[in-house]
Structures are given as structure tokens and as C-alpha cells.
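This is structure11.txt (compact mmCIF, C-alpha atoms).
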# COMPACT_ATOMS: atom_id res chain seq x y z
CA GLY A 28 8.97 -0.34 -16.75
CA ASN A 29 6.89 1.74 -14.40
CA SER A 30 8.30 1.89 -10.91
CA VAL A 31 8.71 3.89 -7.74
CA THR A 32 12.06 4.35 -6.00
CA GLN A 33 12.39 5.78 -2.53
CA MET A 34 15.33 6.27 -0.28
CA GLU A 35 16.54 3.44 1.89
CA GLY A 36 15.88 3.64 5.57
CA PRO A 37 15.84 3.68 8.42
CA VAL A 38 15.91 7.42 8.85
CA THR A 39 16.62 8.45 12.43
CA LEU A 40 15.96 12.02 13.50
CA SER A 41 15.66 13.99 16.68
CA GLU A 42 12.35 15.60 17.54
CA GLU A 43 11.78 18.93 15.73
CA ALA A 44 14.31 18.08 13.00
CA PHE A 45 13.54 18.64 9.31
CA LEU A 46 12.49 15.58 7.34
CA THR A 47 12.98 14.73 3.68
CA ILE A 48 12.19 11.34 2.19
CA ASN A 49 13.04 11.14 -1.48
CA CYS A 50 10.80 9.48 -4.04
CA THR A 51 11.21 9.25 -7.79
CA TYR A 52 9.02 7.50 -10.30
CA THR A 53 8.99 6.28 -13.85
CA ALA A 54 5.80 6.21 -15.87
CA THR A 55 4.68 6.25 -19.45
CA GLY A 56 1.92 8.76 -18.85
CA TYR A 57 0.97 11.24 -16.17
CA PRO A 58 0.38 9.29 -13.00
CA SER A 59 -1.20 10.37 -9.77
CA LEU A 60 1.24 10.27 -6.86
CA PHE A 61 0.66 9.40 -3.21
CA TRP A 62 2.33 9.10 0.15
CA TYR A 63 1.01 6.53 2.58
CA VAL A 64 1.96 6.02 6.22
CA GLN A 65 1.95 2.72 8.12
CA TYR A 66 2.03 2.72 11.90
CA PRO A 67 3.20 -0.48 13.63
CA GLY A 68 0.82 -3.39 13.17
CA GLU A 69 -1.63 -1.43 11.06
CA GLY A 70 -2.64 -1.07 7.44
CA LEU A 71 -1.68 1.82 5.21
CA GLN A 72 -3.28 5.23 5.54
CA LEU A 73 -3.25 7.84 2.84
CA LEU A 74 -1.13 10.79 3.97
CA LEU A 75 -1.34 13.05 0.92
CA LYS A 76 -1.65 12.99 -2.83
CA ALA A 77 -1.13 15.01 -6.01
CA THR A 78 -2.78 14.33 -9.34
CA LYS A 79 -0.94 16.61 -11.76
CA ALA A 80 2.36 18.39 -12.24
CA ASP A 81 3.15 21.18 -9.75
CA ASP A 82 0.36 20.10 -7.42
CA LYS A 83 1.34 20.17 -3.75
CA GLY A 84 -0.22 17.65 -1.42
CA SER A 85 -0.23 18.45 2.26
CA ASN A 86 -1.54 16.95 5.49
CA LYS A 87 -0.55 16.97 9.17
CA GLY A 88 2.43 19.21 8.44
CA PHE A 89 3.74 16.95 5.68
CA GLU A 90 4.10 18.25 2.13
CA ALA A 91 5.10 16.85 -1.26
CA THR A 92 5.20 18.56 -4.64
CA TYR A 93 4.65 16.74 -7.95
CA ARG A 94 7.75 17.59 -10.00
CA LYS A 95 7.32 16.38 -13.55
CA GLU A 96 10.68 17.71 -14.71
CA THR A 97 12.55 15.64 -12.15
CA THR A 98 9.92 12.86 -11.87
CA SER A 99 9.98 13.28 -8.12
CA PHE A 100 7.55 13.53 -5.23
CA HIS A 101 9.72 14.07 -2.15
CA LEU A 102 8.05 14.07 1.26
CA GLU A 103 8.98 16.88 3.66
CA LYS A 104 8.07 18.03 7.14
CA GLY A 105 9.54 21.02 8.87
CA SER A 106 9.50 19.67 12.43
CA VAL A 107 8.98 15.99 13.13
CA GLN A 108 7.48 14.55 16.29
CA VAL A 109 7.98 11.22 18.02
CA SER A 110 4.47 10.29 16.89
CA ASP A 111 5.59 10.54 13.26
CA SER A 112 7.66 7.38 13.69
CA ALA A 113 6.28 4.97 11.08
CA VAL A 114 6.99 3.52 7.66
CA TYR A 115 6.29 5.84 4.73
CA PHE A 116 5.44 4.56 1.26
CA CYS A 117 5.48 6.47 -1.99
CA ALA A 118 3.07 5.22 -4.66
CA ARG A 119 1.91 5.99 -8.18
CA ALA A 120 -1.24 5.16 -10.09
CA GLU A 121 -1.82 5.43 -13.81
CA GLY A 122 -4.94 7.37 -14.69
CA GLN A 123 -7.92 5.11 -15.17
CA GLY A 124 -6.00 1.86 -15.10
CA PHE A 125 -5.67 -0.72 -12.37
CA SER A 126 -1.96 -0.26 -11.74
CA PHE A 127 -1.08 0.97 -8.24
CA ILE A 128 2.62 0.59 -7.49
CA PHE A 129 4.46 1.23 -4.23
CA GLY A 130 8.03 1.98 -3.35
CA LYS A 131 9.76 -0.25 -0.81
CA GLY A 132 8.97 2.02 2.11
CA THR A 133 11.18 4.13 4.36
CA ARG A 134 11.15 3.62 8.11
CA LEU A 135 11.32 6.83 10.10
CA LEU A 136 12.33 6.81 13.75
CA VAL A 137 12.04 10.05 15.68
CA LYS A 138 13.80 10.20 19.03
CA PRO A 139 12.82 12.57 21.82
CA SER B 21 -19.07 6.14 3.30
CA GLN B 22 -16.89 3.33 2.11
CA THR B 23 -15.29 0.82 4.44
CA ILE B 24 -13.11 -2.21 3.98
CA HIS B 25 -13.04 -5.20 6.30
CA GLN B 26 -10.28 -7.75 6.40
CA TRP B 27 -10.05 -10.78 8.65
CA PRO B 28 -8.66 -12.43 10.60
CA ALA B 29 -6.25 -9.90 12.08
CA THR B 30 -3.72 -12.55 13.05
CA LEU B 31 -3.30 -16.16 12.07
CA VAL B 32 -0.82 -18.88 12.97
CA GLN B 33 -0.94 -21.89 10.67
CA PRO B 34 1.24 -25.00 10.32
CA VAL B 35 3.18 -25.70 7.16
CA GLY B 36 1.05 -27.61 4.67
CA SER B 37 -2.27 -26.36 6.01
CA PRO B 38 -4.78 -24.44 3.86
CA LEU B 39 -5.38 -20.70 4.01
CA SER B 40 -8.35 -18.46 3.45
CA LEU B 41 -8.24 -14.72 4.05
CA GLU B 42 -11.30 -12.65 3.32
CA CYS B 43 -11.79 -9.04 2.41
CA THR B 44 -15.07 -7.21 1.88
CA VAL B 45 -15.80 -3.67 0.83
CA GLU B 46 -18.89 -1.64 1.62
CA GLY B 47 -20.26 1.54 0.15
CA THR B 48 -18.94 1.27 -3.40
CA SER B 49 -19.65 -0.74 -6.53
CA ASN B 50 -17.34 -2.49 -8.97
CA PRO B 51 -14.12 -1.50 -7.24
CA ASN B 52 -10.67 -2.61 -8.28
CA LEU B 53 -9.48 -4.98 -5.55
CA TYR B 54 -5.93 -5.83 -4.58
CA TRP B 55 -4.01 -8.25 -2.38
CA TYR B 56 -0.53 -7.16 -1.27
CA ARG B 57 2.01 -8.94 0.91
CA GLN B 58 4.53 -7.21 3.12
CA ALA B 59 7.33 -9.48 4.27
CA ALA B 60 9.50 -8.50 7.22
CA GLY B 61 11.86 -5.68 6.26
CA ARG B 62 10.55 -5.56 2.71
CA GLY B 63 8.17 -3.40 0.78
CA LEU B 64 4.70 -4.08 -0.53
CA GLN B 65 4.45 -6.80 -3.12
CA LEU B 66 1.34 -6.87 -5.29
CA LEU B 67 0.04 -10.44 -5.40
CA PHE B 68 -3.32 -10.23 -7.18
CA TYR B 69 -5.72 -7.66 -8.50
CA SER B 70 -9.25 -7.87 -9.80
CA VAL B 71 -11.25 -5.46 -11.95
CA GLY B 72 -14.52 -7.42 -11.73
CA ILE B 73 -16.30 -10.54 -10.51
CA GLY B 74 -14.38 -13.65 -11.49
CA GLN B 75 -11.56 -11.61 -13.03
CA ILE B 76 -8.25 -12.25 -11.29
CA SER B 77 -4.78 -11.26 -12.43
CA SER B 78 -1.69 -12.66 -10.76
CA GLU B 79 1.43 -10.59 -10.48
CA VAL B 80 3.71 -13.14 -8.86
CA PRO B 81 3.62 -16.91 -9.46
CA GLN B 82 3.41 -18.82 -6.17
CA ASN B 83 1.25 -21.23 -4.26
CA LEU B 84 -1.38 -18.60 -3.48
CA SER B 85 -4.58 -17.98 -5.39
CA ALA B 86 -7.34 -15.40 -5.27
CA SER B 87 -11.02 -15.37 -6.06
CA ARG B 88 -13.75 -12.76 -6.36
CA PRO B 89 -17.08 -14.53 -5.99
CA GLN B 90 -19.00 -11.31 -5.45
CA ASP B 91 -18.48 -7.71 -6.50
CA ARG B 92 -17.19 -6.59 -3.12
CA GLN B 93 -15.58 -9.78 -1.83
CA PHE B 94 -11.99 -10.78 -2.43
CA ILE B 95 -10.50 -13.99 -1.04
CA LEU B 96 -6.87 -15.07 -0.81
CA SER B 97 -6.28 -18.80 -0.56
CA SER B 98 -3.67 -21.49 -0.45
CA LYS B 99 -4.01 -25.26 -0.51
CA LYS B 100 -0.72 -25.85 1.31
CA LEU B 101 1.13 -23.10 3.13
CA LEU B 102 4.91 -22.74 3.03
CA LEU B 103 7.13 -21.11 5.64
CA SER B 104 7.88 -18.41 3.08
CA ASP B 105 4.20 -17.43 3.01
CA SER B 106 4.57 -15.75 6.39
CA GLY B 107 4.00 -12.02 6.23
CA PHE B 108 1.53 -9.20 6.55
CA TYR B 109 -1.26 -9.41 3.98
CA LEU B 110 -3.14 -6.30 2.98
CA CYS B 111 -6.32 -5.98 0.99
CA ALA B 112 -7.10 -2.73 -0.80
CA TRP B 113 -9.74 -1.24 -3.05
CA ARG B 114 -9.89 1.73 -5.33
CA GLN B 115 -11.97 3.23 -8.07
CA ALA B 116 -10.10 4.09 -11.25
CA GLY B 117 -8.41 7.44 -10.95
CA THR B 118 -8.46 7.59 -7.15
CA GLU B 119 -6.27 6.55 -4.26
CA ALA B 120 -6.29 3.06 -2.76
CA PHE B 121 -7.90 2.33 0.58
CA PHE B 122 -6.48 -0.40 2.76
CA GLY B 123 -7.78 -2.87 5.28
CA GLN B 124 -6.06 -3.30 8.63
CA GLY B 125 -4.10 -6.31 7.43
CA THR B 126 -3.65 -9.93 8.47
CA ARG B 127 -0.46 -11.04 10.18
CA LEU B 128 0.15 -14.63 8.99
CA THR B 129 2.77 -16.76 10.68
CA VAL B 130 3.43 -20.17 9.19
CA VAL B 131 5.11 -22.51 11.67
Rewrite the structure from the file as C-alpha cells, please.
Amino acid sequence: GNSVTQMEGPVTLSEEAFLTINCTYTATGYPSLFWYVQYPGEGLQLLLKATKADDKGSNKGFEATYRKETTSFHLEKGSVQVSDSAVYFCARAEGQGFSFIFGKGTRLLVKP
Amino acid sequence: SQTIHQWPATLVQPVGSPLSLECTVEGTSNPNLYWYRQAAGRGLQLLFYSVGIGQISSEVPQNLSASRPQDRQFILSSKKLLLSDSGFYLCAWRQAGTEAFFGQGTRLTVV
């Protein structure tokens, strides 16, 4: 079936470290892909997105590239900050359909 | 611009009591609407979605129900809450082909 798999957390990093959170997906078609961020006690906010193969989404120093050949959409940031501590969710949506599926989320903790 | 309102923000209810959580969307028409639940230490579980007024699809069988009495109103209900219903409930909307936009969530604690 269609699903999203992301790496287990928590991920603990020191400030200014490099971040990678892996995300892979399965889909029958060509889904749009998203990363959302959830700060404590809040709803989800869209961080970035990509709608077709080789697209790169970027925002606030975060980047993710839609890799059709590896069905991946890994989230990266060159230098994390304490304020980046949150839960990150990878998600996929099929074209014009209703389906909007999330991974289980990865908690990131950045220490000063 | 579009906005989504979800209330209440927090709720403490005894086991066996009823539940009603409301979500409304402004600034868009005929959105797809979603209810998700996030249990402690777990990911987002899709509970219900709706593509139009009166059209509800359930993803997970349980003692919750949903209704869409108006185009931009989505209600999550229960007749009798269980302890296992505790969690963080999120409402979301999207138009086909776009990203989903989320409300601020309702923290439900069943005691």
C-alpha cells in the first residue's frame, strides 16, 4: 500500500551540527511530498514541499530533494539551532485525491 | 486568506462522557477536511476525512464519529469516551493537489 517511512527518533544533536532525517515513500503514482514541523503543544506547520521529481523544497535553511529513483525525500540542514528542536513529519499526497499520509514523526533535540 | 479554527484547545473529560470537537475553515470552498489523532509518542493517525457536506469516510473503526453539517465545518464526536481516546486531535483542510493546513489542535485527556 501507499505509505511513508521515516527514521526513528529521537535525534539528538549539538548546535551547528549537520542534520539529516530520512524519509522514503511508496506510491502508485507521482505524489507530492512534504515536510511538516510541530513545535511543542502546537499544530503542524508546513516546512517545505516538492511536487515533482528532482524538485528541491527549501525553507529556513532546511532542504529536501524529491528523488524518484530512490523514492526518498530526506530532510537536511547544514547547521541546526536550539530553536529547531521539534517533531518533523514527512508526508505524501496523491495528485487530486483525498489521501494525505504522514510518517510517524522524528523528534529532534538540539543541545546548546 | 484561509484560516482554520479548532476548539477547545484543551479538554479534560471523564470516562463515559460525550465529546464534541469543532473545526471551521474560512476563506475557501469545498475543502477536503481531515481529523487526525496523535497519541503520546506516536505518529499521526488519520481518523476521518470528508470530501463534501455529509460525506464522511472512516479510516479506523472506534467509538468516535464525525459529521460535516456545513461545507466548512467538521465535528468530531463520541457518545462515551474511553481512556484510550486521550490524545492530541488535529483538524486539517486542503484543496486537491495542495498541501494540508492544520489547526492548533485539541489536547484531550480522559480521566
Discussion item. With only C-alpha atoms considered, list every residue of chain A at most 8 Å from chain B, as a PyMOL selection string.
Written reply: chain A and resi 59+61+69-73+120-125+127-132
Item to complete: Provide the CA of Gln22 (chain B) to CA of Val45 (chain B) distance in Å, to one decimal place.
Response: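 Straight-line distance from CA of Gln22 (chain B) to CA of Val45 (chain B) works out to 7.2 Å.
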Fill in: Point-to-point distance in Å for CA of Tyr52 (chain A) and CA of Ala77 (chain A)
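Answer for the CA of Ala77 (chain A) to CA of Tyr52 (chain A) separation: 13.3 Å.
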Discussion item. Neighbouring residues of Ser85 (chain A) were defined as those with any atom within 6 Å, considering all atoms listed in the file; residues of the same chain fewer than 3 positions away were excluded. Please report them as a ChimeraX atom specification.
Written reply: /A:75,89-90
I need the residues from that last selection saved to file as a JSON list (two decimals), in the frame of the given file (with C-alpha atoms), if you can.
[["chain", "number", "residue", "atom", "x", "y", "z"],
["A", 75, "LEU", "CA", -1.34, 13.05, 0.92],
["A", 89, "PHE", "CA", 3.74, 16.95, 5.68],
["A", 90, "GLU", "CA", 4.10, 18.25, 2.13]]
Write out as a short mmCIF file (atom, residue, chain, number, x, y, z; two decimals) with C-alpha atoms, in the coordinates of the input each polymer residue whose atoms come within 12 Å of Ser41 (chain A), counting all atoms listed in the file; drop sequence neighbours fewer than 4 positions from it.
data_model
loop_
_atom_site.label_atom_id
_atom_site.label_comp_id
_atom_site.auth_asym_id
_atom_site.auth_seq_id
_atom_site.Cartn_x
_atom_site.Cartn_y
_atom_site.Cartn_z
CA PHE A 45 13.54 18.64 9.31
CA LEU A 46 12.49 15.58 7.34
CA SER A 106 9.50 19.67 12.43
CA VAL A 107 8.98 15.99 13.13
CA GLN A 108 7.48 14.55 16.29
CA VAL A 109 7.98 11.22 18.02
CA SER A 110 4.47 10.29 16.89
CA ASP A 111 5.59 10.54 13.26
CA SER A 112 7.66 7.38 13.69
CA LEU A 135 11.32 6.83 10.10
CA LEU A 136 12.33 6.81 13.75
CA VAL A 137 12.04 10.05 15.68
CA LYS A 138 13.80 10.20 19.03
CA PRO A 139 12.82 12.57 21.82
#
Worksheet entry | Distance query Ser98 (chain B) at most 7 Å, only C-alpha atoms, self and fewer than 3 positions along chain excluded, as JSON, numbers by chain | {"B": [38, 39, 40, 83, 84, 85, 101]}
Fill in: CA of Leu102 (chain A) to CA of Lys76 (chain A), straight-line distance in Å
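So the answer is 10.6 Å.
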Worksheet, complete the sentence: Counting all atoms listed in the file, closest pick from A:Thr133, A:Ser126, A:Thr51, A:Thr78 relative to Tyr63 (chain A) is A:Thr133
Worksheet, complete the sentence: The residue from B:Glu79, B:Trp55, B:Pro34, B:Ile73 with the smallest atom-to-atom distance to Ser106 (chain B), counting all atoms listed in the file, is B:Pro34
Complete region 78-89 of chain A at the level of all heavy atoms, written as an mmCIF file, in the coordinates of the input.
data_model
loop_
_atom_site.group_PDB
_atom_site.id
_atom_site.type_symbol
_atom_site.label_atom_id
_atom_site.label_comp_id
_atom_site.auth_asym_id
_atom_site.auth_seq_id
_atom_site.Cartn_x
_atom_site.Cartn_y
_atom_site.Cartn_z
ATOM 1 N N THR A 78 -2.288 14.978 -8.119
ATOM 2 C CA THR A 78 -2.780 14.330 -9.340
ATOM 3 C C THR A 78 -2.205 14.927 -10.617
ATOM 4 O O THR A 78 -2.386 14.342 -11.690
ATOM 5 C CB THR A 78 -4.304 14.392 -9.399
ATOM 6 O OG1 THR A 78 -4.718 15.754 -9.334
ATOM 7 C CG2 THR A 78 -4.915 13.628 -8.235
ATOM 8 N N LYS A 79 -1.521 16.065 -10.542
ATOM 9 C CA LYS A 79 -0.940 16.610 -11.760
ATOM 10 C C LYS A 79 0.297 17.419 -11.399
ATOM 11 O O LYS A 79 0.532 17.788 -10.248
ATOM 12 C CB LYS A 79 -1.937 17.471 -12.524
ATOM 13 C CG LYS A 79 -2.467 18.662 -11.768
ATOM 14 C CD LYS A 79 -3.500 19.383 -12.608
ATOM 15 C CE LYS A 79 -3.956 20.675 -11.960
ATOM 16 N NZ LYS A 79 -4.622 20.467 -10.666
ATOM 17 N N ALA A 80 1.083 17.692 -12.429
ATOM 18 C CA ALA A 80 2.360 18.390 -12.240
ATOM 19 C C ALA A 80 2.157 19.711 -11.504
ATOM 20 O O ALA A 80 1.191 20.444 -11.735
ATOM 21 C CB ALA A 80 3.010 18.632 -13.594
ATOM 22 N N ASP A 81 3.091 19.965 -10.579
ATOM 23 C CA ASP A 81 3.150 21.180 -9.750
ATOM 24 C C ASP A 81 2.121 21.206 -8.628
ATOM 25 O O ASP A 81 2.123 22.146 -7.828
ATOM 26 C CB ASP A 81 3.029 22.447 -10.598
ATOM 27 C CG ASP A 81 4.141 22.558 -11.624
ATOM 28 O OD1 ASP A 81 5.280 22.149 -11.312
ATOM 29 O OD2 ASP A 81 3.878 23.034 -12.740
ATOM 30 N N ASP A 82 1.268 20.193 -8.560
ATOM 31 C CA ASP A 82 0.360 20.100 -7.420
ATOM 32 C C ASP A 82 1.173 19.862 -6.161
ATOM 33 O O ASP A 82 2.168 19.141 -6.168
ATOM 34 C CB ASP A 82 -0.602 18.910 -7.588
ATOM 35 C CG ASP A 82 -1.895 19.308 -8.255
ATOM 36 O OD1 ASP A 82 -2.030 20.489 -8.619
ATOM 37 O OD2 ASP A 82 -2.761 18.429 -8.397
ATOM 38 N N LYS A 83 0.729 20.440 -5.048
ATOM 39 C CA LYS A 83 1.340 20.170 -3.750
ATOM 40 C C LYS A 83 0.303 19.507 -2.875
ATOM 41 O O LYS A 83 -0.759 20.082 -2.626
ATOM 42 C CB LYS A 83 1.846 21.454 -3.110
ATOM 43 C CG LYS A 83 2.433 21.230 -1.705
ATOM 44 C CD LYS A 83 2.830 22.526 -1.030
ATOM 45 C CE LYS A 83 4.131 23.050 -1.574
ATOM 46 N NZ LYS A 83 4.626 24.219 -0.795
ATOM 47 N N GLY A 84 0.618 18.301 -2.406
ATOM 48 C CA GLY A 84 -0.220 17.650 -1.420
ATOM 49 C C GLY A 84 0.282 17.989 -0.034
ATOM 50 O O GLY A 84 1.482 18.127 0.176
ATOM 51 N N SER A 85 -0.657 18.140 0.905
ATOM 52 C CA SER A 85 -0.230 18.450 2.260
ATOM 53 C C SER A 85 -1.232 17.895 3.266
ATOM 54 O O SER A 85 -2.431 17.827 2.998
ATOM 55 C CB SER A 85 -0.089 19.962 2.460
ATOM 56 O OG SER A 85 -1.328 20.603 2.241
ATOM 57 N N ASN A 86 -0.699 17.507 4.439
ATOM 58 C CA ASN A 86 -1.540 16.950 5.490
ATOM 59 C C ASN A 86 -0.692 16.784 6.737
ATOM 60 O O ASN A 86 0.450 16.308 6.653
ATOM 61 C CB ASN A 86 -2.115 15.594 5.057
ATOM 62 C CG ASN A 86 -3.105 15.036 6.060
ATOM 63 O OD1 ASN A 86 -3.733 15.773 6.805
ATOM 64 N ND2 ASN A 86 -3.239 13.728 6.064
ATOM 65 N N LYS A 87 -1.207 17.170 7.871
ATOM 66 C CA LYS A 87 -0.550 16.970 9.170
ATOM 67 C C LYS A 87 0.863 17.541 9.188
ATOM 68 O O LYS A 87 1.752 16.999 9.862
ATOM 69 C CB LYS A 87 -0.499 15.484 9.525
ATOM 70 C CG LYS A 87 -1.869 14.834 9.637
ATOM 71 C CD LYS A 87 -1.740 13.365 9.994
ATOM 72 C CE LYS A 87 -3.110 12.712 10.082
ATOM 73 N NZ LYS A 87 -3.006 11.266 10.403
ATOM 74 N N GLY A 88 1.117 18.599 8.459
ATOM 75 C CA GLY A 88 2.430 19.210 8.440
ATOM 76 C C GLY A 88 3.367 18.634 7.393
ATOM 77 O O GLY A 88 4.447 19.165 7.160
ATOM 78 N N PHE A 89 2.962 17.543 6.751
ATOM 79 C CA PHE A 89 3.740 16.950 5.680
ATOM 80 C C PHE A 89 3.360 17.598 4.347
ATOM 81 O O PHE A 89 2.202 17.960 4.135
ATOM 82 C CB PHE A 89 3.483 15.439 5.580
ATOM 83 C CG PHE A 89 4.021 14.632 6.719
ATOM 84 C CD1 PHE A 89 3.246 14.412 7.853
ATOM 85 C CD2 PHE A 89 5.285 14.094 6.671
ATOM 86 C CE1 PHE A 89 3.732 13.667 8.922
ATOM 87 C CE2 PHE A 89 5.788 13.338 7.724
ATOM 88 C CZ PHE A 89 5.004 13.132 8.851
#
